[in-house]
$ cat final_4.cif   # mmCIF, N, CA and C atoms
data_coords
loop_
_atom_site.group_PDB
_atom_site.id
_atom_site.type_symbol
_atom_site.label_atom_id
_atom_site.label_comp_id
_atom_site.auth_asym_id
_atom_site.auth_seq_id
_atom_site.Cartn_x
_atom_site.Cartn_y
_atom_site.Cartn_z
ATOM 1 N N MET A 1 -12.560 -17.109 0.629
ATOM 2 C CA MET A 1 -11.195 -17.292 1.082
ATOM 3 C C MET A 1 -10.862 -16.319 2.207
ATOM 4 N N ALA A 2 -11.838 -15.686 2.788
ATOM 5 C CA ALA A 2 -11.630 -14.714 3.848
ATOM 6 C C ALA A 2 -10.872 -15.339 5.011
ATOM 7 N N GLY A 3 -9.898 -14.568 5.511
ATOM 8 C CA GLY A 3 -9.141 -15.021 6.656
ATOM 9 C C GLY A 3 -8.014 -15.982 6.343
ATOM 10 N N SER A 4 -7.755 -16.272 5.071
ATOM 11 C CA SER A 4 -6.742 -17.258 4.722
ATOM 12 C C SER A 4 -5.326 -16.728 4.884
ATOM 13 N N MET A 5 -5.162 -15.439 5.117
ATOM 14 C CA MET A 5 -3.842 -14.845 5.245
ATOM 15 C C MET A 5 -3.447 -14.630 6.698
ATOM 16 N N LEU A 6 -4.042 -15.320 7.634
ATOM 17 C CA LEU A 6 -3.816 -15.087 9.058
ATOM 18 C C LEU A 6 -2.331 -15.019 9.383
ATOM 19 N N HIS A 7 -1.954 -13.954 10.084
ATOM 20 C CA HIS A 7 -0.574 -13.723 10.494
ATOM 21 C C HIS A 7 -0.532 -13.513 11.990
ATOM 22 N N ASP A 8 0.669 -13.573 12.547
ATOM 23 C CA ASP A 8 0.830 -13.398 13.988
ATOM 24 C C ASP A 8 0.699 -11.944 14.426
ATOM 25 N N GLY A 9 0.860 -11.015 13.513
ATOM 26 C CA GLY A 9 0.833 -9.620 13.903
ATOM 27 C C GLY A 9 -0.031 -8.772 12.996
ATOM 28 N N PRO A 10 0.011 -7.487 13.232
ATOM 29 C CA PRO A 10 -0.835 -6.568 12.469
ATOM 30 C C PRO A 10 -0.324 -6.328 11.050
ATOM 31 N N PHE A 11 -1.180 -5.725 10.279
ATOM 32 C CA PHE A 11 -0.861 -5.321 8.915
ATOM 33 C C PHE A 11 -0.605 -3.826 8.900
ATOM 34 N N ILE A 12 0.054 -3.339 7.859
ATOM 35 C CA ILE A 12 0.249 -1.905 7.693
ATOM 36 C C ILE A 12 -0.160 -1.512 6.282
ATOM 37 N N VAL A 13 -0.453 -0.238 6.118
ATOM 38 C CA VAL A 13 -0.799 0.316 4.813
ATOM 39 C C VAL A 13 0.444 1.016 4.281
ATOM 40 N N THR A 14 0.842 0.680 3.057
ATOM 41 C CA THR A 14 2.030 1.283 2.453
ATOM 42 C C THR A 14 1.651 2.499 1.620
ATOM 43 N N ALA A 15 2.654 3.189 1.106
ATOM 44 C CA ALA A 15 2.447 4.387 0.298
ATOM 45 C C ALA A 15 1.732 4.094 -1.017
ATOM 46 N N ASP A 16 1.575 2.823 -1.387
ATOM 47 C CA ASP A 16 0.867 2.466 -2.618
ATOM 48 C C ASP A 16 -0.651 2.594 -2.485
ATOM 49 N N CYS A 17 -1.130 2.881 -1.288
ATOM 50 C CA CYS A 17 -2.573 2.994 -1.031
ATOM 51 C C CYS A 17 -3.199 4.085 -1.893
ATOM 52 N N THR A 18 -4.331 3.763 -2.511
ATOM 53 C CA THR A 18 -5.055 4.723 -3.344
ATOM 54 C C THR A 18 -6.314 5.243 -2.655
ATOM 55 N N ALA A 19 -6.551 4.839 -1.433
ATOM 56 C CA ALA A 19 -7.718 5.253 -0.642
ATOM 57 C C ALA A 19 -9.036 4.882 -1.316
ATOM 58 N N CYS A 20 -9.078 3.706 -1.922
ATOM 59 C CA CYS A 20 -10.301 3.265 -2.613
ATOM 60 C C CYS A 20 -11.400 2.870 -1.624
ATOM 61 N N GLY A 21 -11.027 2.494 -0.393
ATOM 62 C CA GLY A 21 -11.995 2.153 0.632
ATOM 63 C C GLY A 21 -12.380 0.687 0.710
ATOM 64 N N ALA A 22 -11.834 -0.148 -0.158
ATOM 65 C CA ALA A 22 -12.182 -1.575 -0.146
ATOM 66 C C ALA A 22 -11.860 -2.203 1.206
ATOM 67 N N CYS A 23 -10.730 -1.858 1.778
ATOM 68 C CA CYS A 23 -10.334 -2.430 3.066
ATOM 69 C C CYS A 23 -11.250 -1.954 4.190
ATOM 70 N N LEU A 24 -11.641 -0.701 4.137
ATOM 71 C CA LEU A 24 -12.539 -0.160 5.162
ATOM 72 C C LEU A 24 -13.863 -0.909 5.189
ATOM 73 N N ARG A 25 -14.349 -1.264 4.025
ATOM 74 C CA ARG A 25 -15.626 -1.983 3.934
ATOM 75 C C ARG A 25 -15.488 -3.452 4.329
ATOM 76 N N THR A 26 -14.288 -3.990 4.300
ATOM 77 C CA THR A 26 -14.067 -5.420 4.527
ATOM 78 C C THR A 26 -13.609 -5.768 5.936
ATOM 79 N N CYS A 27 -12.855 -4.915 6.567
ATOM 80 C CA CYS A 27 -12.230 -5.234 7.851
ATOM 81 C C CYS A 27 -13.269 -5.549 8.932
ATOM 82 N N PRO A 28 -13.237 -6.779 9.475
ATOM 83 C CA PRO A 28 -14.204 -7.142 10.516
ATOM 84 C C PRO A 28 -13.919 -6.462 11.855
ATOM 85 N N GLU A 29 -12.690 -6.017 12.058
ATOM 86 C CA GLU A 29 -12.305 -5.380 13.326
ATOM 87 C C GLU A 29 -12.432 -3.865 13.280
ATOM 88 N N ARG A 30 -12.667 -3.309 12.099
ATOM 89 C CA ARG A 30 -12.759 -1.853 11.924
ATOM 90 C C ARG A 30 -11.508 -1.157 12.470
ATOM 91 N N CYS A 31 -10.343 -1.703 12.106
ATOM 92 C CA CYS A 31 -9.094 -1.177 12.646
ATOM 93 C C CYS A 31 -8.363 -0.234 11.696
ATOM 94 N N LEU A 32 -8.960 0.073 10.550
ATOM 95 C CA LEU A 32 -8.340 1.013 9.617
ATOM 96 C C LEU A 32 -8.971 2.391 9.802
ATOM 97 N N ARG A 33 -8.107 3.423 9.741
ATOM 98 C CA ARG A 33 -8.584 4.790 9.919
ATOM 99 C C ARG A 33 -7.973 5.700 8.857
ATOM 100 N N PRO A 34 -8.722 6.711 8.419
ATOM 101 C CA PRO A 34 -8.158 7.712 7.509
ATOM 102 C C PRO A 34 -7.094 8.542 8.237
ATOM 103 N N THR A 35 -6.104 8.992 7.497
ATOM 104 C CA THR A 35 -5.059 9.845 8.060
ATOM 105 C C THR A 35 -4.889 11.082 7.184
ATOM 106 N N PRO A 36 -5.784 12.043 7.294
ATOM 107 C CA PRO A 36 -5.673 13.258 6.484
ATOM 108 C C PRO A 36 -4.316 13.921 6.688
ATOM 109 N N GLY A 37 -3.620 14.127 5.599
ATOM 110 C CA GLY A 37 -2.312 14.754 5.669
ATOM 111 C C GLY A 37 -1.202 13.825 6.125
ATOM 112 N N GLY A 38 -1.512 12.563 6.317
ATOM 113 C CA GLY A 38 -0.500 11.605 6.752
ATOM 114 C C GLY A 38 0.320 11.074 5.600
ATOM 115 N N ARG A 39 1.291 10.259 5.920
ATOM 116 C CA ARG A 39 2.158 9.660 4.899
ATOM 117 C C ARG A 39 1.389 8.725 3.976
ATOM 118 N N THR A 40 0.375 8.073 4.526
ATOM 119 C CA THR A 40 -0.498 7.210 3.742
ATOM 120 C C THR A 40 -1.941 7.643 3.994
ATOM 121 N N PRO A 41 -2.841 7.414 3.046
ATOM 122 C CA PRO A 41 -4.236 7.815 3.240
ATOM 123 C C PRO A 41 -4.932 7.103 4.398
ATOM 124 N N LEU A 42 -4.485 5.875 4.695
ATOM 125 C CA LEU A 42 -5.087 5.083 5.769
ATOM 126 C C LEU A 42 -4.005 4.524 6.666
ATOM 127 N N VAL A 43 -4.392 4.194 7.878
ATOM 128 C CA VAL A 43 -3.472 3.568 8.824
ATOM 129 C C VAL A 43 -4.221 2.449 9.536
ATOM 130 N N VAL A 44 -3.478 1.388 9.887
ATOM 131 C CA VAL A 44 -4.038 0.283 10.652
ATOM 132 C C VAL A 44 -3.710 0.524 12.125
ATOM 133 N N LEU A 45 -4.710 0.452 12.980
ATOM 134 C CA LEU A 45 -4.479 0.565 14.417
ATOM 135 C C LEU A 45 -4.038 -0.813 14.915
ATOM 136 N N PRO A 46 -2.750 -0.975 15.237
ATOM 137 C CA PRO A 46 -2.223 -2.301 15.569
ATOM 138 C C PRO A 46 -2.875 -2.942 16.786
ATOM 139 N N GLU A 47 -3.354 -2.121 17.704
ATOM 140 C CA GLU A 47 -3.979 -2.689 18.898
ATOM 141 C C GLU A 47 -5.334 -3.327 18.603
ATOM 142 N N LEU A 48 -5.916 -3.012 17.447
ATOM 143 C CA LEU A 48 -7.198 -3.606 17.060
ATOM 144 C C LEU A 48 -7.065 -4.682 15.983
ATOM 145 N N CYS A 49 -5.942 -4.670 15.252
ATOM 146 C CA CYS A 49 -5.747 -5.609 14.145
ATOM 147 C C CYS A 49 -5.471 -7.014 14.667
ATOM 148 N N THR A 50 -6.247 -7.969 14.202
ATOM 149 C CA THR A 50 -6.071 -9.371 14.610
ATOM 150 C C THR A 50 -5.207 -10.156 13.632
ATOM 151 N N GLY A 51 -4.809 -9.545 12.522
ATOM 152 C CA GLY A 51 -3.970 -10.223 11.547
ATOM 153 C C GLY A 51 -4.728 -11.140 10.615
ATOM 154 N N CYS A 52 -6.037 -10.936 10.449
ATOM 155 C CA CYS A 52 -6.838 -11.838 9.610
ATOM 156 C C CYS A 52 -6.476 -11.727 8.132
ATOM 157 N N GLY A 53 -6.020 -10.550 7.686
ATOM 158 C CA GLY A 53 -5.600 -10.369 6.304
ATOM 159 C C GLY A 53 -6.706 -10.080 5.311
ATOM 160 N N GLU A 54 -7.940 -9.935 5.773
ATOM 161 C CA GLU A 54 -9.039 -9.672 4.844
ATOM 162 C C GLU A 54 -8.838 -8.358 4.101
ATOM 163 N N CYS A 55 -8.274 -7.362 4.753
ATOM 164 C CA CYS A 55 -8.024 -6.080 4.099
ATOM 165 C C CYS A 55 -7.026 -6.242 2.948
ATOM 166 N N ALA A 56 -5.964 -7.012 3.185
ATOM 167 C CA ALA A 56 -4.944 -7.227 2.164
ATOM 168 C C ALA A 56 -5.498 -8.008 0.974
ATOM 169 N N GLU A 57 -6.397 -8.942 1.255
ATOM 170 C CA GLU A 57 -6.981 -9.743 0.179
ATOM 171 C C GLU A 57 -7.788 -8.903 -0.799
ATOM 172 N N VAL A 58 -8.456 -7.852 -0.316
ATOM 173 C CA VAL A 58 -9.319 -7.055 -1.197
ATOM 174 C C VAL A 58 -8.640 -5.813 -1.743
ATOM 175 N N CYS A 59 -7.426 -5.514 -1.316
ATOM 176 C CA CYS A 59 -6.743 -4.296 -1.749
ATOM 177 C C CYS A 59 -6.286 -4.417 -3.202
ATOM 178 N N PRO A 60 -6.882 -3.624 -4.114
ATOM 179 C CA PRO A 60 -6.501 -3.719 -5.526
ATOM 180 C C PRO A 60 -5.088 -3.208 -5.801
ATOM 181 N N ALA A 61 -4.564 -2.360 -4.922
ATOM 182 C CA ALA A 61 -3.216 -1.813 -5.111
ATOM 183 C C ALA A 61 -2.146 -2.650 -4.416
ATOM 184 N N GLU A 62 -2.573 -3.728 -3.722
ATOM 185 C CA GLU A 62 -1.652 -4.564 -2.946
ATOM 186 C C GLU A 62 -0.815 -3.706 -1.996
ATOM 187 N N ALA A 63 -1.480 -2.732 -1.359
ATOM 188 C CA ALA A 63 -0.811 -1.761 -0.505
ATOM 189 C C ALA A 63 -0.871 -2.116 0.975
ATOM 190 N N ILE A 64 -1.470 -3.250 1.316
ATOM 191 C CA ILE A 64 -1.578 -3.646 2.719
ATOM 192 C C ILE A 64 -0.788 -4.936 2.909
ATOM 193 N N LEU A 65 0.188 -4.860 3.807
ATOM 194 C CA LEU A 65 1.113 -5.985 4.017
ATOM 195 C C LEU A 65 1.252 -6.294 5.495
ATOM 196 N N PRO A 66 1.621 -7.544 5.823
ATOM 197 C CA PRO A 66 1.907 -7.863 7.211
ATOM 198 C C PRO A 66 3.123 -7.059 7.672
ATOM 199 N N LEU A 67 3.037 -6.468 8.833
ATOM 200 C CA LEU A 67 4.134 -5.666 9.368
ATOM 201 C C LEU A 67 5.427 -6.458 9.412
ATOM 202 N N ALA A 68 5.372 -7.714 9.767
ATOM 203 C CA ALA A 68 6.567 -8.560 9.857
ATOM 204 C C ALA A 68 7.285 -8.663 8.511
ATOM 205 N N GLU A 69 6.545 -8.676 7.409
ATOM 206 C CA GLU A 69 7.173 -8.771 6.079
ATOM 207 C C GLU A 69 7.851 -7.470 5.692
ATOM 208 N N VAL A 70 7.310 -6.353 6.113
ATOM 209 C CA VAL A 70 7.872 -5.060 5.769
ATOM 210 C C VAL A 70 9.147 -4.809 6.553
ATOM 211 N N ARG A 71 9.234 -5.321 7.750
ATOM 212 C CA ARG A 71 10.402 -5.098 8.616
ATOM 213 C C ARG A 71 11.610 -5.941 8.234
ATOM 214 N N ARG A 72 11.450 -6.905 7.335
ATOM 215 C CA ARG A 72 12.574 -7.788 6.955
ATOM 216 C C ARG A 72 13.647 -7.050 6.231
#

$ encode --input "final_4.cif" --output "structure tokens"
Amino acid sequence: MAGSMLHDGPFIVTADCTACGACLRTCPERCLRPTPGGRTPLVVLPELCTGCGECAEVCPAEAILPLAEVRR
């Protein structure tokens, strides 16, 4: 079911992130980066994110959401 969550924009990592690394291993664009000391353990680089949603599909904490949904 990879890629079934395609969105028009990038995804973001919320504070629910547990830094398990599932998204890092799954992202085909390699657009997630660690953020030591940041608000969240990981961050999505929006300029690299294609909106495929594969990271969100594998996140056990459901901590990765489309940016458009968070801004509502």

$ residues_around --input "final_4.cif" --residues "Thr18 of chain A" --least-positions-apart "5" --cutoff "7 Å" --atoms "all atoms listed in the file" --output "PDB file with N, CA and C atoms, in the frame of the given file"
ATOM      1  N   PRO A  41      -2.841   7.414   3.046  1.00  0.00           N
ATOM      2  CA  PRO A  41      -4.236   7.815   3.240  1.00  0.00           C
ATOM      3  C   PRO A  41      -4.932   7.103   4.398  1.00  0.00           C
ATOM      4  N   ALA A  61      -4.564  -2.360  -4.922  1.00  0.00           N
ATOM      5  CA  ALA A  61      -3.216  -1.813  -5.111  1.00  0.00           C
ATOM      6  C   ALA A  61      -2.146  -2.650  -4.416  1.00  0.00           C
ATOM      7  N   ALA A  63      -1.480  -2.732  -1.359  1.00  0.00           N
ATOM      8  CA  ALA A  63      -0.811  -1.761  -0.505  1.00  0.00           C
ATOM      9  C   ALA A  63      -0.871  -2.116   0.975  1.00  0.00           C
TER      10      ALA A  63
END

$ closest_residue --input "final_4.cif" --among "A:Ile12, A:Leu42, A:Val70, A:Glu62" --to "Leu24 of chain A" --atoms "only C-alpha atoms"
A:Leu42

$ closest_residue --input "final_4.cif" --among "A:Leu45, A:Cys17, A:Ala68, A:Ala56" --to "Cys31 of chain A" --atoms "all atoms listed in the file"
A:Leu45

$ select_by_dssp --input "final_4.cif" --residues "chain A" --states "alpha helix (DSSP H)" --output "PyMOL selection string"
chain A and resi 22-26+54-58+67-70

$ resolve_selection --input "final_4.cif" --expression "the PyMOL selection byres ((chain A and resi 22) around 8)" --output "number ranges by chain"
A: 19-21, 23-27, 54-56, 58-60

$ resolve_selection --input "final_4.cif" --expression "the PyMOL selection byres ((chain A and resi 46) around 8)" --output "ChimeraX atom specification"
/A:9-11,31-32,43-45,47-50

$ select_by_dssp --input "final_4.cif" --residues "segment 12-68 of chain A" --states "strand (DSSP E)" --output "JSON, numbers by chain"
{"A": [12, 13, 32, 33, 34, 42, 43, 44, 64, 65, 66]}

$ write_last_selection --input "final_4.cif" --atoms "N, CA and C atoms" --output "PDB file, in the frame of the given file"
ATOM      1  N   ILE A  12       0.054  -3.339   7.859  1.00  0.00           N
ATOM      2  CA  ILE A  12       0.249  -1.905   7.693  1.00  0.00           C
ATOM      3  C   ILE A  12      -0.160  -1.512   6.282  1.00  0.00           C
ATOM      4  N   VAL A  13      -0.453  -0.238   6.118  1.00  0.00           N
ATOM      5  CA  VAL A  13      -0.799   0.316   4.813  1.00  0.00           C
ATOM      6  C   VAL A  13       0.444   1.016   4.281  1.00  0.00           C
ATOM      7  N   LEU A  32      -8.960   0.073  10.550  1.00  0.00           N
ATOM      8  CA  LEU A  32      -8.340   1.013   9.617  1.00  0.00           C
ATOM      9  C   LEU A  32      -8.971   2.391   9.802  1.00  0.00           C
ATOM     10  N   ARG A  33      -8.107   3.423   9.741  1.00  0.00           N
ATOM     11  CA  ARG A  33      -8.584   4.790   9.919  1.00  0.00           C
ATOM     12  C   ARG A  33      -7.973   5.700   8.857  1.00  0.00           C
ATOM     13  N   PRO A  34      -8.722   6.711   8.419  1.00  0.00           N
ATOM     14  CA  PRO A  34      -8.158   7.712   7.509  1.00  0.00           C
ATOM     15  C   PRO A  34      -7.094   8.542   8.237  1.00  0.00           C
ATOM     16  N   LEU A  42      -4.485   5.875   4.695  1.00  0.00           N
ATOM     17  CA  LEU A  42      -5.087   5.083   5.769  1.00  0.00           C
ATOM     18  C   LEU A  42      -4.005   4.524   6.666  1.00  0.00           C
ATOM     19  N   VAL A  43      -4.392   4.194   7.878  1.00  0.00           N
ATOM     20  CA  VAL A  43      -3.472   3.568   8.824  1.00  0.00           C
ATOM     21  C   VAL A  43      -4.221   2.449   9.536  1.00  0.00           C
ATOM     22  N   VAL A  44      -3.478   1.388   9.887  1.00  0.00           N
ATOM     23  CA  VAL A  44      -4.038   0.283  10.652  1.00  0.00           C
ATOM     24  C   VAL A  44      -3.710   0.524  12.125  1.00  0.00           C
ATOM     25  N   ILE A  64      -1.470  -3.250   1.316  1.00  0.00           N
ATOM     26  CA  ILE A  64      -1.578  -3.646   2.719  1.00  0.00           C
ATOM     27  C   ILE A  64      -0.788  -4.936   2.909  1.00  0.00           C
ATOM     28  N   LEU A  65       0.188  -4.860   3.807  1.00  0.00           N
ATOM     29  CA  LEU A  65       1.113  -5.985   4.017  1.00  0.00           C
ATOM     30  C   LEU A  65       1.252  -6.294   5.495  1.00  0.00           C
ATOM     31  N   PRO A  66       1.621  -7.544   5.823  1.00  0.00           N
ATOM     32  CA  PRO A  66       1.907  -7.863   7.211  1.00  0.00           C
ATOM     33  C   PRO A  66       3.123  -7.059   7.672  1.00  0.00           C
TER      34      PRO A  66
END

$ atom_distance --input "final_4.cif" --atom1 "atom C of Gly37 of chain A" --atom2 "atom CA of Pro66 of chain A"
21.9 Å

$ atom_distance --input "final_4.cif" --atom1 "atom CA of Leu67 of chain A" --atom2 "atom N of Pro36 of chain A"
20.4 Å

$ atom_distance --input "final_4.cif" --atom1 "atom CA of Asp16 of chain A" --atom2 "atom CA of Cys52 of chain A"
20.3 Å

$ axis_aligned_box --input "final_4.cif" --around "segment 26-38 of chain A" --padding-each-side "4 Å" --output "lines of an AutoDock Vina configuration file"
center_x = -7.0
center_y = 3.8
center_z = 8.8
size_x = 22.6
size_y = 29.9
size_z = 17.0

$ decode --input "final_4.cif" --residues "segment 43-72 of chain A" --atoms "N, CA and C atoms" --output "PDB file, in the first residue's frame"
ATOM      1  N   VAL A  43      12.690  15.809  11.964  1.00  0.00           N
ATOM      2  CA  VAL A  43      12.038  16.866  11.196  1.00  0.00           C
ATOM      3  C   VAL A  43      12.027  16.445   9.732  1.00  0.00           C
ATOM      4  N   VAL A  44      10.972  16.862   9.017  1.00  0.00           N
ATOM      5  CA  VAL A  44      10.870  16.612   7.587  1.00  0.00           C
ATOM      6  C   VAL A  44      11.376  17.858   6.861  1.00  0.00           C
ATOM      7  N   LEU A  45      12.285  17.676   5.924  1.00  0.00           N
ATOM      8  CA  LEU A  45      12.753  18.791   5.105  1.00  0.00           C
ATOM      9  C   LEU A  45      11.731  18.991   3.985  1.00  0.00           C
ATOM     10  N   PRO A  46      10.922  20.053   4.062  1.00  0.00           N
ATOM     11  CA  PRO A  46       9.818  20.224   3.115  1.00  0.00           C
ATOM     12  C   PRO A  46      10.257  20.342   1.663  1.00  0.00           C
ATOM     13  N   GLU A  47      11.460  20.845   1.445  1.00  0.00           N
ATOM     14  CA  GLU A  47      11.923  20.990   0.067  1.00  0.00           C
ATOM     15  C   GLU A  47      12.246  19.649  -0.587  1.00  0.00           C
ATOM     16  N   LEU A  48      12.395  18.599   0.219  1.00  0.00           N
ATOM     17  CA  LEU A  48      12.666  17.265  -0.321  1.00  0.00           C
ATOM     18  C   LEU A  48      11.453  16.336  -0.275  1.00  0.00           C
ATOM     19  N   CYS A  49      10.471  16.664   0.576  1.00  0.00           N
ATOM     20  CA  CYS A  49       9.299  15.804   0.752  1.00  0.00           C
ATOM     21  C   CYS A  49       8.373  15.895  -0.455  1.00  0.00           C
ATOM     22  N   THR A  50       8.049  14.754  -1.025  1.00  0.00           N
ATOM     23  CA  THR A  50       7.146  14.703  -2.185  1.00  0.00           C
ATOM     24  C   THR A  50       5.700  14.444  -1.782  1.00  0.00           C
ATOM     25  N   GLY A  51       5.442  14.206  -0.501  1.00  0.00           N
ATOM     26  CA  GLY A  51       4.085  13.965  -0.038  1.00  0.00           C
ATOM     27  C   GLY A  51       3.601  12.551  -0.262  1.00  0.00           C
ATOM     28  N   CYS A  52       4.510  11.586  -0.425  1.00  0.00           N
ATOM     29  CA  CYS A  52       4.097  10.205  -0.716  1.00  0.00           C
ATOM     30  C   CYS A  52       3.388   9.553   0.466  1.00  0.00           C
ATOM     31  N   GLY A  53       3.723   9.955   1.698  1.00  0.00           N
ATOM     32  CA  GLY A  53       3.059   9.426   2.881  1.00  0.00           C
ATOM     33  C   GLY A  53       3.585   8.103   3.396  1.00  0.00           C
ATOM     34  N   GLU A  54       4.643   7.573   2.796  1.00  0.00           N
ATOM     35  CA  GLU A  54       5.172   6.288   3.253  1.00  0.00           C
ATOM     36  C   GLU A  54       5.649   6.364   4.697  1.00  0.00           C
ATOM     37  N   CYS A  55       6.206   7.487   5.103  1.00  0.00           N
ATOM     38  CA  CYS A  55       6.665   7.645   6.481  1.00  0.00           C
ATOM     39  C   CYS A  55       5.488   7.563   7.459  1.00  0.00           C
ATOM     40  N   ALA A  56       4.383   8.224   7.116  1.00  0.00           N
ATOM     41  CA  ALA A  56       3.205   8.225   7.978  1.00  0.00           C
ATOM     42  C   ALA A  56       2.585   6.832   8.081  1.00  0.00           C
ATOM     43  N   GLU A  57       2.634   6.087   6.985  1.00  0.00           N
ATOM     44  CA  GLU A  57       2.063   4.740   6.987  1.00  0.00           C
ATOM     45  C   GLU A  57       2.776   3.809   7.956  1.00  0.00           C
ATOM     46  N   VAL A  58       4.091   3.974   8.127  1.00  0.00           N
ATOM     47  CA  VAL A  58       4.846   3.051   8.984  1.00  0.00           C
ATOM     48  C   VAL A  58       5.046   3.567  10.396  1.00  0.00           C
ATOM     49  N   CYS A  59       4.635   4.787  10.690  1.00  0.00           N
ATOM     50  CA  CYS A  59       4.858   5.371  12.012  1.00  0.00           C
ATOM     51  C   CYS A  59       3.941   4.729  13.051  1.00  0.00           C
ATOM     52  N   PRO A  60       4.512   3.974  14.009  1.00  0.00           N
ATOM     53  CA  PRO A  60       3.676   3.312  15.014  1.00  0.00           C
ATOM     54  C   PRO A  60       3.017   4.292  15.985  1.00  0.00           C
ATOM     55  N   ALA A  61       3.584   5.485  16.126  1.00  0.00           N
ATOM     56  CA  ALA A  61       3.023   6.484  17.042  1.00  0.00           C
ATOM     57  C   ALA A  61       2.039   7.421  16.349  1.00  0.00           C
ATOM     58  N   GLU A  62       1.846   7.228  15.025  1.00  0.00           N
ATOM     59  CA  GLU A  62       0.987   8.112  14.231  1.00  0.00           C
ATOM     60  C   GLU A  62       1.388   9.575  14.429  1.00  0.00           C
ATOM     61  N   ALA A  63       2.706   9.815  14.446  1.00  0.00           N
ATOM     62  CA  ALA A  63       3.255  11.133  14.731  1.00  0.00           C
ATOM     63  C   ALA A  63       3.608  11.924  13.479  1.00  0.00           C
ATOM     64  N   ILE A  64       3.354  11.367  12.302  1.00  0.00           N
ATOM     65  CA  ILE A  64       3.682  12.063  11.059  1.00  0.00           C
ATOM     66  C   ILE A  64       2.381  12.340  10.314  1.00  0.00           C
ATOM     67  N   LEU A  65       2.148  13.624  10.066  1.00  0.00           N
ATOM     68  CA  LEU A  65       0.880  14.060   9.460  1.00  0.00           C
ATOM     69  C   LEU A  65       1.137  15.004   8.302  1.00  0.00           C
ATOM     70  N   PRO A  66       0.183  15.085   7.360  1.00  0.00           N
ATOM     71  CA  PRO A  66       0.307  16.073   6.302  1.00  0.00           C
ATOM     72  C   PRO A  66       0.247  17.474   6.911  1.00  0.00           C
ATOM     73  N   LEU A  67       1.135  18.337   6.499  1.00  0.00           N
ATOM     74  CA  LEU A  67       1.178  19.701   7.021  1.00  0.00           C
ATOM     75  C   LEU A  67      -0.164  20.394   6.866  1.00  0.00           C
ATOM     76  N   ALA A  68      -0.841  20.191   5.767  1.00  0.00           N
ATOM     77  CA  ALA A  68      -2.138  20.827   5.514  1.00  0.00           C
ATOM     78  C   ALA A  68      -3.170  20.442   6.574  1.00  0.00           C
ATOM     79  N   GLU A  69      -3.121  19.214   7.076  1.00  0.00           N
ATOM     80  CA  GLU A  69      -4.083  18.779   8.103  1.00  0.00           C
ATOM     81  C   GLU A  69      -3.783  19.415   9.448  1.00  0.00           C
ATOM     82  N   VAL A  70      -2.528  19.648   9.744  1.00  0.00           N
ATOM     83  CA  VAL A  70      -2.145  20.227  11.018  1.00  0.00           C
ATOM     84  C   VAL A  70      -2.494  21.704  11.059  1.00  0.00           C
ATOM     85  N   ARG A  71      -2.445  22.369   9.938  1.00  0.00           N
ATOM     86  CA  ARG A  71      -2.714  23.814   9.870  1.00  0.00           C
ATOM     87  C   ARG A  71      -4.195  24.159   9.940  1.00  0.00           C
ATOM     88  N   ARG A  72      -5.079  23.174   9.849  1.00  0.00           N
ATOM     89  CA  ARG A  72      -6.532  23.448   9.864  1.00  0.00           C
ATOM     90  C   ARG A  72      -6.990  23.971  11.182  1.00  0.00           C
TER      91      ARG A  72
END
